[in-house]
>>> print(open('data_15.cif').read())   # mmCIF, C-alpha atoms
data_entry
#
loop_
_atom_site.label_atom_id
_atom_site.label_comp_id
_atom_site.auth_asym_id
_atom_site.auth_seq_id
_atom_site.Cartn_x
_atom_site.Cartn_y
_atom_site.Cartn_z
CA MET A 1 11.19 4.96 -5.00
CA GLU A 2 14.22 7.04 -4.10
CA ILE A 3 15.93 6.26 -0.81
CA THR A 4 18.47 8.68 0.66
CA ALA A 5 20.44 7.53 3.69
CA ARG A 6 22.46 9.58 6.17
CA ASP A 7 23.65 9.27 9.74
CA ALA A 8 22.33 11.43 12.57
CA GLY A 9 24.51 10.41 15.50
CA ASP A 10 23.81 6.74 16.15
CA VAL A 11 20.61 6.81 14.13
CA THR A 12 20.47 5.95 10.45
CA VAL A 13 17.96 8.21 8.73
CA LEU A 14 16.39 7.13 5.46
CA GLU A 15 14.32 9.58 3.48
CA LEU A 16 11.84 7.85 1.18
CA LYS A 17 10.43 9.49 -1.93
CA GLY A 18 7.78 8.10 -4.28
CA ARG A 19 5.69 4.91 -4.10
CA LEU A 20 6.08 2.40 -1.29
CA ASP A 21 4.67 -0.82 -2.70
CA MET A 22 5.72 -4.44 -3.21
CA ALA A 23 8.72 -3.73 -5.45
CA SER A 24 10.03 -0.67 -3.60
CA GLY A 25 9.32 -2.34 -0.24
CA SER A 26 11.71 -5.14 -1.22
CA SER A 27 14.36 -2.58 -2.22
CA LEU A 28 13.93 -0.80 1.09
CA LYS A 29 14.36 -4.06 3.03
CA GLU A 30 17.51 -4.82 1.05
CA GLN A 31 18.94 -1.37 1.73
CA ILE A 32 18.22 -1.57 5.46
CA LYS A 33 19.81 -5.01 5.58
CA VAL A 34 23.10 -3.34 4.62
CA HIS A 35 22.79 -1.06 7.65
CA PHE A 36 21.98 -4.01 9.89
CA GLU A 37 25.13 -5.73 8.67
CA GLN A 38 27.06 -2.67 9.89
CA GLU A 39 25.38 -3.07 13.32
CA LYS A 40 23.28 0.04 12.73
CA ASN A 41 20.06 -0.99 14.41
CA SER A 42 18.51 2.42 15.14
CA ILE A 43 16.59 3.33 12.04
CA HIS A 44 14.47 6.37 11.34
CA LEU A 45 12.31 6.53 8.22
CA ASN A 46 11.19 9.96 7.04
CA LEU A 47 8.08 9.30 4.94
CA GLY A 48 7.45 12.96 4.10
CA GLU A 49 7.76 12.42 0.36
CA VAL A 50 5.97 9.10 0.11
CA GLU A 51 3.25 9.77 -2.45
CA PHE A 52 1.57 6.38 -2.23
CA ILE A 53 1.64 3.41 0.09
CA ASN A 54 -0.30 0.17 -0.14
CA SER A 55 -0.54 -2.88 2.10
CA SER A 56 2.55 -4.43 0.48
CA GLY A 57 4.52 -1.33 1.47
CA LEU A 58 3.11 -1.58 4.99
CA GLY A 59 4.13 -5.24 5.03
CA ALA A 60 7.70 -4.24 4.21
CA LEU A 61 7.70 -1.79 7.15
CA VAL A 62 6.37 -4.50 9.49
CA SER A 63 9.10 -6.84 8.27
CA ILE A 64 11.76 -4.19 8.99
CA MET A 65 10.31 -3.56 12.44
CA LYS A 66 10.40 -7.27 13.29
CA GLU A 67 14.06 -7.43 12.28
CA VAL A 68 14.85 -4.30 14.32
CA ARG A 69 13.18 -5.86 17.36
CA LEU A 70 15.17 -9.07 16.94
CA ARG A 71 18.33 -6.96 16.92
CA LYS A 72 17.18 -5.02 20.01
CA GLY A 73 17.22 -1.84 17.96
CA ARG A 74 14.62 0.81 17.36
CA LEU A 75 12.55 1.93 14.36
CA THR A 76 10.80 5.29 14.18
CA LEU A 77 8.75 6.97 11.47
CA SER A 78 7.95 10.61 10.83
CA ASN A 79 6.41 13.19 8.50
CA LEU A 80 3.50 11.01 7.41
CA ALA A 81 1.13 12.79 5.02
CA SER A 82 -2.46 12.74 6.27
CA TYR A 83 -3.54 10.03 3.80
CA VAL A 84 -0.57 7.84 4.78
CA GLN A 85 -1.38 8.35 8.46
CA GLU A 86 -4.99 7.38 7.71
CA ILE A 87 -3.89 4.04 6.23
CA PHE A 88 -1.78 3.34 9.32
CA GLU A 89 -4.86 4.00 11.43
CA ILE A 90 -7.24 1.87 9.34
CA THR A 91 -4.85 -1.06 9.58
CA GLN A 92 -4.18 -0.31 13.27
CA LEU A 93 -0.45 -0.13 12.58
CA SER A 94 -0.40 3.33 14.15
CA HIS A 95 -0.45 1.49 17.50
CA ILE A 96 2.49 -0.69 16.57
CA PHE A 97 4.93 1.81 15.09
CA GLU A 98 6.54 4.76 16.87
CA ILE A 99 5.29 7.63 14.73
CA PHE A 100 6.46 11.22 15.21
CA LYS A 101 5.18 14.37 13.59
CA THR A 102 8.64 15.54 12.55
CA GLU A 103 12.05 13.97 12.05
CA GLU A 104 13.48 16.32 14.66
CA GLU A 105 11.05 15.04 17.31
CA ALA A 106 11.90 11.48 16.42
CA LEU A 107 15.65 12.04 16.64
CA ASN A 108 15.27 13.92 19.94
CA SER A 109 13.44 10.91 21.33
CA TYR A 110 16.53 8.76 20.79
CA GLN A 111 18.55 11.20 22.91
CA THR A 112 15.88 11.16 25.61
CA VAL A 113 15.90 7.36 25.69
CA GLN A 114 19.71 7.29 25.89
CA ALA A 115 19.73 9.90 28.67
CA GLY A 116 16.92 8.18 30.62
CA MET B 1 -17.68 8.70 -19.09
CA ILE B 2 -14.50 6.67 -19.53
CA ARG B 3 -14.58 2.90 -20.01
CA ARG B 4 -11.49 0.75 -20.52
CA ASP B 5 -11.27 -3.01 -20.94
CA LEU B 6 -7.63 -3.96 -20.35
CA THR B 7 -5.58 -7.14 -20.07
CA TYR B 8 -2.22 -7.26 -18.32
CA PRO B 9 0.43 -9.94 -17.85
CA SER B 10 1.12 -10.91 -14.22
CA SER B 11 3.99 -8.59 -13.31
CA ASN B 12 4.74 -5.71 -10.94
CA GLU B 13 5.24 -3.48 -13.98
CA SER B 14 1.62 -4.14 -14.93
CA GLU B 15 0.42 -2.79 -11.59
CA GLN B 16 2.44 0.37 -12.16
CA LYS B 17 1.04 0.74 -15.72
CA LEU B 18 -2.54 0.26 -14.54
CA PHE B 19 -1.97 2.76 -11.74
CA GLU B 20 -0.67 5.41 -14.14
CA LEU B 21 -3.44 4.86 -16.68
CA THR B 22 -6.14 5.02 -14.00
CA GLU B 23 -4.56 8.13 -12.52
CA GLU B 24 -4.72 9.80 -15.94
CA CYS B 25 -8.36 8.79 -16.47
CA LEU B 26 -9.35 10.10 -13.03
CA ARG B 27 -7.60 13.38 -13.74
CA ASP B 28 -9.30 13.69 -17.15
CA GLU B 29 -12.70 13.18 -15.53
CA GLY B 30 -11.96 15.74 -12.80
CA VAL B 31 -12.27 13.29 -9.91
CA ASP B 32 -11.46 14.84 -6.53
CA THR B 33 -7.92 14.04 -5.38
CA VAL B 34 -8.94 12.35 -2.11
CA LEU B 35 -11.44 10.07 -3.81
CA ALA B 36 -8.99 9.42 -6.66
CA ARG B 37 -6.27 8.41 -4.19
CA ARG B 38 -8.62 5.95 -2.45
CA PHE B 39 -9.76 4.44 -5.72
CA LEU B 40 -6.14 4.07 -6.89
CA LEU B 41 -5.25 2.38 -3.60
CA ALA B 42 -8.18 -0.04 -3.96
CA ILE B 43 -7.15 -0.90 -7.52
CA SER B 44 -3.54 -1.40 -6.46
CA GLU B 45 -4.56 -3.75 -3.63
CA ILE B 46 -6.93 -5.88 -5.70
CA PHE B 47 -4.57 -6.04 -8.67
CA THR B 48 -1.68 -7.08 -6.40
CA ASN B 49 -3.88 -9.81 -4.84
CA ALA B 50 -4.80 -11.04 -8.33
CA LEU B 51 -1.14 -11.06 -9.31
CA VAL B 52 0.31 -12.71 -6.21
CA HIS B 53 -2.47 -14.91 -4.82
CA GLY B 54 -4.68 -15.48 -7.89
CA ASN B 55 -2.12 -15.96 -10.63
CA ASN B 56 0.83 -16.87 -8.36
CA SER B 57 2.90 -14.30 -10.32
CA ASP B 58 2.81 -16.67 -13.31
CA PRO B 59 3.71 -14.44 -16.30
CA LYS B 60 1.68 -16.70 -18.60
CA LYS B 61 -1.48 -15.82 -16.71
CA GLU B 62 -3.27 -12.55 -17.31
CA ILE B 63 -5.34 -10.11 -15.31
CA ARG B 64 -8.32 -8.41 -16.91
CA VAL B 65 -9.35 -4.98 -15.66
CA ILE B 66 -12.54 -3.17 -16.61
CA LEU B 67 -12.54 0.47 -15.54
CA GLU B 68 -15.58 2.72 -15.56
CA ILE B 69 -15.34 6.33 -14.53
CA LYS B 70 -18.70 8.07 -14.58
CA LYS B 71 -20.04 11.38 -13.31
CA THR B 72 -21.74 9.56 -10.45
CA SER B 73 -19.42 6.64 -9.68
CA LEU B 74 -16.08 4.90 -10.11
CA ARG B 75 -15.97 1.19 -10.76
CA ALA B 76 -13.32 -1.43 -11.44
CA ASP B 77 -13.64 -5.14 -12.08
CA ILE B 78 -10.42 -7.10 -11.69
CA ILE B 79 -10.41 -10.72 -12.82
CA ASP B 80 -7.57 -13.21 -12.35
CA GLN B 81 -6.96 -16.65 -13.88
CA GLY B 82 -6.40 -18.50 -10.62
CA ARG B 83 -8.50 -21.18 -8.97
CA GLY B 84 -10.17 -21.22 -5.58
CA GLY B 85 -9.92 -17.47 -5.09
CA LEU B 86 -13.41 -17.10 -3.65
CA LYS B 87 -12.76 -19.83 -1.09
CA ARG B 88 -9.47 -18.11 -0.17
CA ILE B 89 -11.28 -14.81 0.37
CA ASN B 90 -14.06 -16.41 2.41
CA ASN B 91 -11.58 -18.30 4.60
CA ARG B 92 -9.10 -15.51 5.14
CA GLN B 93 -8.09 -14.82 8.74
CA PRO B 94 -7.87 -11.35 10.23
CA SER B 95 -4.27 -10.14 10.05
CA ASN B 96 -2.53 -9.90 13.40
CA SER B 97 -0.54 -6.80 14.25
CA LEU B 98 2.81 -8.23 13.18
CA SER B 99 1.80 -10.11 10.07
CA GLU B 100 3.37 -8.80 6.90
CA GLY B 101 0.34 -9.40 4.69
CA GLY B 102 -3.42 -9.74 4.78
CA ARG B 103 -4.38 -6.07 5.10
CA GLY B 104 -5.19 -5.25 1.47
CA VAL B 105 -8.79 -6.45 1.42
CA ASP B 106 -9.50 -4.68 4.73
CA VAL B 107 -8.25 -1.39 3.29
CA VAL B 108 -10.38 -1.80 0.17
CA THR B 109 -13.55 -2.68 2.09
CA TYR B 110 -12.94 0.30 4.38
CA TYR B 111 -12.79 2.81 1.54
CA ALA B 112 -15.08 1.40 -1.16
CA ASP B 113 -18.85 1.78 -1.03
CA THR B 114 -19.28 -1.74 -2.37
CA VAL B 115 -16.89 -4.66 -2.90
CA VAL B 116 -18.16 -7.87 -4.46
CA PHE B 117 -16.12 -11.08 -4.73
CA ALA B 118 -17.35 -13.67 -7.22
CA GLU B 119 -16.07 -16.54 -9.30
CA ASP B 120 -16.08 -15.83 -13.02
CA ASP B 121 -17.19 -18.38 -15.61
CA LYS B 122 -13.60 -19.68 -16.01
CA GLY B 123 -13.04 -20.15 -12.28
CA GLY B 124 -10.96 -17.01 -11.65
CA LEU B 125 -11.74 -14.50 -8.93
CA ARG B 126 -13.63 -11.41 -10.04
CA VAL B 127 -13.51 -8.48 -7.64
CA SER B 128 -15.83 -5.56 -8.34
CA ILE B 129 -15.21 -2.32 -6.48
CA HIS B 130 -17.55 0.63 -6.55
CA PHE B 131 -17.13 4.16 -5.20
CA ASP B 132 -19.95 6.73 -5.20
CA ARG B 133 -19.01 10.23 -6.31
CA GLU B 134 -21.94 11.78 -4.49
CA ASN B 135 -19.95 13.07 -1.53
CA GLU B 136 -16.57 13.59 -3.17
CA LYS B 137 -16.47 17.37 -2.69
CA GLN B 138 -16.91 16.91 1.06
CA LEU B 139 -13.92 14.55 1.18
CA SER B 140 -11.40 17.24 0.29
CA SER B 141 -12.90 19.80 2.65
CA SER B 142 -13.14 17.41 5.62
#
>>> encode(input="data_15.cif", output="structure tokens")
Amino acid sequence: MEITARDAGDVTVLELKGRLDMASGSSLKEQIKVHFEQEKNSIHLNLGEVEFINSSGLGALVSIMKEVRLRKGRLTLSNLASYVQEIFEITQLSHIFEIFKTEEEALNSYQTVQAG
Amino acid sequence: MIRRDLTYPSSNESEQKLFELTEECLRDEGVDTVLARRFLLAISEIFTNALVHGNNSDPKKEIRVILEIKKTSLRADIIDQGRGGLKRINNRQPSNSLSEGGRGVDVVTYYADTVVFAEDDKGGLRVSIHFDRENEKQLSSS
């Protein structure tokens, strides 16, 4: 899986491309750990180019969310393909994660929270 | 019809190889993309369970996969070399919202038309998954 990171204000945006499974989930956790070490605890994951996700990949996302919560940060997701969204719904993780249709909507929500 | 009888060492690379081979077979047999994606997900989940829970990622242990892609159905049998797999499946607890594992079998049973867990003659867990192709055209249009 390819992971591209960039900053959007205070939010770290990671664009994921390819398969999100056991091996790539571990790589993703490692990469996010680097951002945590820099006190970047607002993380947005754009899943628009995730071609495949299995329960090990979901497990990695849950692990990241737990770490974000411990750090009093925030994790958002966006651009889920319909089949990825379906897996979130089957596993009921759609109720646990903050999922936005687009990255723009997700990033706007950080500004709304800060302003509110 | 395509039938493959394959044996893989217990490694993440094996899961990737099986995935790619199955994807190619499904494409060659003209299986609808939605159904193909669900079957690939089911195979990935069961193979990963066999690798991690059945064989404890022991590279000396192998995983046998029998694939059958027919005009009317898709089937895979995945057999590990672990012990007590059936008991583990029967005793598994529902995953809570923040657990990092335990969702794979639920996903497979949701999508597959039939999933059968059995102990093979050597004590390993044999998982047989079956998908009907009867309604596959409706999947893509729905």
>>> atom_distance(input="data_15.cif", atom1="CA of Glu2 in chain A", atom2="CA of Glu24 in chain B")
22.5 Å
>>> resolve_selection(input="data_15.cif", expression="the PyMOL selection byres ((chain A) within 6 of (chain B))", output="JSON, numbers by chain")
{"A": [55, 59, 62]}
>>> atom_distance(input="data_15.cif", atom1="CA of Gln31 in chain A", atom2="CA of Ser78 in chain A")
18.6 Å
>>> resolve_selection(input="data_15.cif", expression="the PyMOL selection byres ((chain A and resi 100-112) around 10)", output="list in words")
Ala8, Gly9, Asp10, Val11, Thr12, Val13, Glu15, Ser42, Ile43, His44, Leu45, Asn46, Leu47, Gly48, Arg74, Leu75, Thr76, Leu77, Ser78, Asn79, Leu80, Ala81, Phe97, Glu98, Ile99, Val113, Gln114, Ala115 and Gly116 of chain A
>>> resolve_selection(input="data_15.cif", expression="the PyMOL selection byres ((chain A and resi 72) around 12)", output="PyMOL selection string")
chain A and resi 36+39-43+65-71+73-75
>>> closest_residue(input="data_15.cif", among="A:Glu51, A:Val84, A:Ile96, A:Ala5", to="Leu28 in chain A", atoms="all atoms listed in the file")
A:Ala5
>>> residues_around(input="data_15.cif", residues="Gly82 in chain B", least_positions_apart="2", cutoff="7 Å", atoms="all atoms listed in the file", output="JSON, numbers by chain")
{"B": [54, 55, 80, 84, 85, 124, 125]}
>>> residues_around(input="data_15.cif", residues="Lys71 in chain B", least_positions_apart="4", cutoff="9 Å", atoms="only C-alpha atoms", output="list in words")
Met1, Glu29, Val31 and Arg133 of chain B
>>> atom_distance(input="data_15.cif", atom1="CA of Ile3 in chain A", atom2="CA of Phe52 in chain A")
14.4 Å
>>> residues_around(input="data_15.cif", residues="range 57-67 of chain B", least_positions_apart="5", cutoff="12 Å", atoms="only C-alpha atoms", output="PyMOL selection string")
chain B and resi 1-15+17-19+21-23+25-26+39-40+43-44+46-52+73-83+120+124-131
>>> residues_near_point(input="data_15.cif", point="(12.2, -5.6, 2.5)", cutoff="9 Å", atoms="all atoms listed in the file", output="number ranges by chain")
A: 22-33, 57, 59-61, 63-64
>>> closest_residue(input="data_15.cif", among="B:Arg92, B:Lys87, B:Lys70, B:Lys122", to="Glu134 in chain B", atoms="all atoms listed in the file")
B:Lys70
>>> build_atoms(input="data_15.cif", residues="range 2-37 of chain B", atoms="N, CA and C atoms", output="compact mmCIF listing (two decimals), keeping the file's coordinate frame")
# COMPACT_ATOMS: atom_id res chain seq x y z
N ILE B 2 -15.65 7.40 -18.98
CA ILE B 2 -14.50 6.67 -19.53
C ILE B 2 -14.70 5.19 -19.23
N ARG B 3 -14.54 4.36 -20.24
CA ARG B 3 -14.58 2.90 -20.01
C ARG B 3 -13.37 2.27 -20.69
N ARG B 4 -12.66 1.45 -19.96
CA ARG B 4 -11.49 0.75 -20.52
C ARG B 4 -11.59 -0.73 -20.17
N ASP B 5 -11.31 -1.56 -21.16
CA ASP B 5 -11.27 -3.01 -20.94
C ASP B 5 -9.83 -3.44 -21.25
N LEU B 6 -9.08 -3.79 -20.21
CA LEU B 6 -7.63 -3.96 -20.35
C LEU B 6 -7.21 -5.36 -19.91
N THR B 7 -6.13 -5.84 -20.50
CA THR B 7 -5.58 -7.14 -20.07
C THR B 7 -4.09 -6.97 -19.85
N TYR B 8 -3.63 -7.44 -18.69
CA TYR B 8 -2.22 -7.26 -18.32
C TYR B 8 -1.57 -8.61 -18.01
N PRO B 9 -0.29 -8.75 -18.34
CA PRO B 9 0.43 -9.94 -17.85
C PRO B 9 0.67 -9.81 -16.35
N SER B 10 0.92 -10.94 -15.68
CA SER B 10 1.12 -10.91 -14.22
C SER B 10 2.54 -10.43 -13.89
N SER B 11 2.68 -9.14 -13.69
CA SER B 11 3.99 -8.59 -13.31
C SER B 11 3.78 -7.32 -12.51
N ASN B 12 4.80 -6.96 -11.72
CA ASN B 12 4.74 -5.71 -10.94
C ASN B 12 4.63 -4.50 -11.86
N GLU B 13 5.28 -4.60 -13.03
CA GLU B 13 5.24 -3.48 -13.98
C GLU B 13 3.80 -3.22 -14.43
N SER B 14 3.02 -4.30 -14.51
CA SER B 14 1.62 -4.14 -14.93
C SER B 14 0.85 -3.32 -13.91
N GLU B 15 1.11 -3.56 -12.64
CA GLU B 15 0.42 -2.79 -11.59
C GLU B 15 0.73 -1.31 -11.73
N GLN B 16 2.00 -1.03 -12.00
CA GLN B 16 2.44 0.37 -12.16
C GLN B 16 1.75 0.99 -13.40
N LYS B 17 1.68 0.22 -14.49
CA LYS B 17 1.04 0.74 -15.72
C LYS B 17 -0.44 1.01 -15.49
N LEU B 18 -1.11 0.08 -14.82
CA LEU B 18 -2.54 0.26 -14.54
C LEU B 18 -2.75 1.48 -13.65
N PHE B 19 -1.89 1.62 -12.67
CA PHE B 19 -1.97 2.76 -11.74
C PHE B 19 -1.88 4.07 -12.52
N GLU B 20 -0.89 4.15 -13.40
CA GLU B 20 -0.67 5.41 -14.14
C GLU B 20 -1.82 5.71 -15.09
N LEU B 21 -2.32 4.65 -15.75
CA LEU B 21 -3.44 4.86 -16.68
C LEU B 21 -4.69 5.31 -15.92
N THR B 22 -4.95 4.66 -14.79
CA THR B 22 -6.14 5.02 -14.00
C THR B 22 -6.02 6.44 -13.47
N GLU B 23 -4.81 6.78 -13.04
CA GLU B 23 -4.56 8.13 -12.52
C GLU B 23 -4.89 9.18 -13.60
N GLU B 24 -4.47 8.88 -14.82
CA GLU B 24 -4.72 9.80 -15.94
C GLU B 24 -6.22 9.92 -16.22
N CYS B 25 -6.91 8.78 -16.21
CA CYS B 25 -8.36 8.79 -16.47
C CYS B 25 -9.10 9.58 -15.38
N LEU B 26 -8.70 9.40 -14.14
CA LEU B 26 -9.35 10.10 -13.03
C LEU B 26 -9.14 11.61 -13.14
N ARG B 27 -7.92 11.96 -13.56
CA ARG B 27 -7.60 13.38 -13.74
C ARG B 27 -8.44 13.97 -14.88
N ASP B 28 -8.53 13.21 -15.99
CA ASP B 28 -9.30 13.69 -17.15
C ASP B 28 -10.76 13.89 -16.81
N GLU B 29 -11.28 13.07 -15.91
CA GLU B 29 -12.70 13.18 -15.53
C GLU B 29 -12.91 14.11 -14.34
N GLY B 30 -11.84 14.76 -13.88
CA GLY B 30 -11.96 15.74 -12.80
C GLY B 30 -12.34 15.16 -11.46
N VAL B 31 -11.92 13.92 -11.19
CA VAL B 31 -12.27 13.29 -9.91
C VAL B 31 -11.44 13.93 -8.80
N ASP B 32 -12.10 14.23 -7.71
CA ASP B 32 -11.46 14.84 -6.53
C ASP B 32 -10.23 14.02 -6.09
N THR B 33 -9.19 14.73 -5.66
CA THR B 33 -7.92 14.04 -5.38
C THR B 33 -8.02 13.01 -4.24
N VAL B 34 -8.83 13.30 -3.23
CA VAL B 34 -8.94 12.35 -2.11
C VAL B 34 -9.63 11.07 -2.58
N LEU B 35 -10.72 11.24 -3.31
CA LEU B 35 -11.44 10.07 -3.81
C LEU B 35 -10.56 9.30 -4.81
N ALA B 36 -9.86 10.05 -5.67
CA ALA B 36 -8.99 9.42 -6.66
C ALA B 36 -7.91 8.58 -5.97
N ARG B 37 -7.33 9.12 -4.92
CA ARG B 37 -6.27 8.41 -4.19
C ARG B 37 -6.81 7.11 -3.59
